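First up is the structure itself, then whatever we jot down about it.
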Amino acid sequence: MEIHVGDRIRMKKQHPCGSREWDVLREGADFRLKCVGCGHQIMIARKLMERNVREVLAGGAGSEKG
Ligand SMILES: [Zn+2]
């Protein structure tokens with residue numbers, strides 16, 4: 001699964017604020033994600049995140065969807 005800075009991802013688990021969508025702020029061995037609903041930021045290991053991602057939504061740059 002390819003996930004990059006600027007992408008928006010949808011997780012399987014819902015954040016307490018009610019949103020499932022996160023913006024990717026930093027990529028690497030650990031990813032930094034920001035909750036779209038409440039702005040809360042987390043650090044999460046790549047493997048753990050990949051297990052929890054349901055889908056990658058259209059990012060800002062480089063999206064070929066459509
Ligand atoms: Zn939230």
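Every chain in the structure tokens has a letter given in the order shown (A, B, ...), and although residue numbers restart at 1 in each chain, ligands are simply numbered from 1 in the order shown.
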Next on the checklist: So that I can check the surroundings of A:Ala29, please list as JSON, numbers by chain every protein, DNA and RNA residue that reaches within 10 Å of it, counting only C-alpha atoms and ignoring chain neighbours fewer than 2 positions away.
Outcome noted: {"A": [26, 27, 31, 44, 45, 46, 47]}
Item to check | Expected answer as a ChimeraX atom specification: residues within 7 Å of ligand 1, only C-alpha atoms and all ligand atoms | outcome: /A:15-19,35-40
The selected residues should be written to file as a PDB file, in the first residue's frame (atoms: C-alpha atoms).
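The new file part.pdb reads:
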```pdb
ATOM      1  CA  HIS A  15     -11.558   8.236  16.410  1.00  0.00           C
ATOM      2  CA  PRO A  16     -13.489   9.308  19.539  1.00  0.00           C
ATOM      3  CA  CYS A  17     -14.415  12.554  17.767  1.00  0.00           C
ATOM      4  CA  GLY A  18     -16.355  10.546  15.174  1.00  0.00           C
ATOM      5  CA  SER A  19     -13.998  10.922  12.203  1.00  0.00           C
ATOM      6  CA  CYS A  35      -7.322  13.647  12.576  1.00  0.00           C
ATOM      7  CA  VAL A  36      -9.498  15.515  10.090  1.00  0.00           C
ATOM      8  CA  GLY A  37     -12.307  15.753  12.619  1.00  0.00           C
ATOM      9  CA  CYS A  38     -10.570  17.270  15.633  1.00  0.00           C
ATOM     10  CA  GLY A  39      -6.986  18.012  14.569  1.00  0.00           C
ATOM     11  CA  HIS A  40      -5.442  15.575  17.042  1.00  0.00           C
TER      12      HIS A  40
END
```
For the contact check between stretch 16-37 of chain A and stretch 51-58 of chain A, emit one row per residue of stretch 16-37 of chain A within 12 Å, containing the shortest atom pair and the distance in Å rounded to one decimal, counting only C-alpha atoms, chain then rising number order, as a tab-separated table.
```
residue	atom	partner	partner_atom	distance
A:Arg20	CA	A:Arg54	CA	9.5
A:Glu21	CA	A:Leu57	CA	8.9
A:Trp22	CA	A:Leu57	CA	9.7
A:Asp23	CA	A:Leu57	CA	9.7
A:Val24	CA	A:Val56	CA	10.4
A:Leu33	CA	A:Val53	CA	11.8
```
Writing out the chosen residues with C-alpha atoms as an mmCIF file, in the first residue's frame:
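Wrote it out as out_10.cif, contents follow:
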```cif
data_model
loop_
_atom_site.group_PDB
_atom_site.id
_atom_site.type_symbol
_atom_site.label_atom_id
_atom_site.label_comp_id
_atom_site.auth_asym_id
_atom_site.auth_seq_id
_atom_site.Cartn_x
_atom_site.Cartn_y
_atom_site.Cartn_z
ATOM 1 C CA ARG A 20 -12.278 8.022 10.449
ATOM 2 C CA GLU A 21 -10.193 10.208 8.161
ATOM 3 C CA TRP A 22 -6.602 11.307 8.757
ATOM 4 C CA ASP A 23 -4.176 13.526 6.877
ATOM 5 C CA VAL A 24 -0.621 12.222 6.476
ATOM 6 C CA LEU A 33 -1.251 11.566 11.182
#
```
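The strand (DSSP E or B) portion of chain A consists of Arg8, Ile9, Arg10, Met11, Glu21, Trp22, Asp23, Val24, Leu25, Arg26, Asp30, Phe31, Arg32, Leu33, Lys34, Cys35, Gln41, Ile42, Met43, Ile44, Ala45, Val53, Arg54, Glu55, Val56 and Leu57 of chain A, with states taken from DSSP on the backbone.
A straight-line distance of 15.8 Å separates atom CA of A:Ile42 from atom CA of A:Ile3.
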Picked from chain A by DSSP as helix (DSSP H, G or I), as a short mmCIF file (atom, residue, chain, number, x, y, z; two decimals) with C-alpha atoms, in the first residue's frame:
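Result file follows (part22.cif):
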```cif
data_model
loop_
_atom_site.label_atom_id
_atom_site.label_comp_id
_atom_site.auth_asym_id
_atom_site.auth_seq_id
_atom_site.Cartn_x
_atom_site.Cartn_y
_atom_site.Cartn_z
CA ARG A 46 4.02 2.00 9.43
CA LYS A 47 3.09 -1.65 9.95
CA LEU A 48 0.44 -0.80 12.49
CA MET A 49 -1.03 1.90 10.31
CA GLU A 50 -1.15 -0.34 7.23
CA ARG A 51 -3.15 -2.87 9.19
CA ASN A 52 -5.67 -0.22 10.16
#
```
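Between atom CA of A:Lys13 and atom CA of A:Met43 there is a distance of 15.7 Å.
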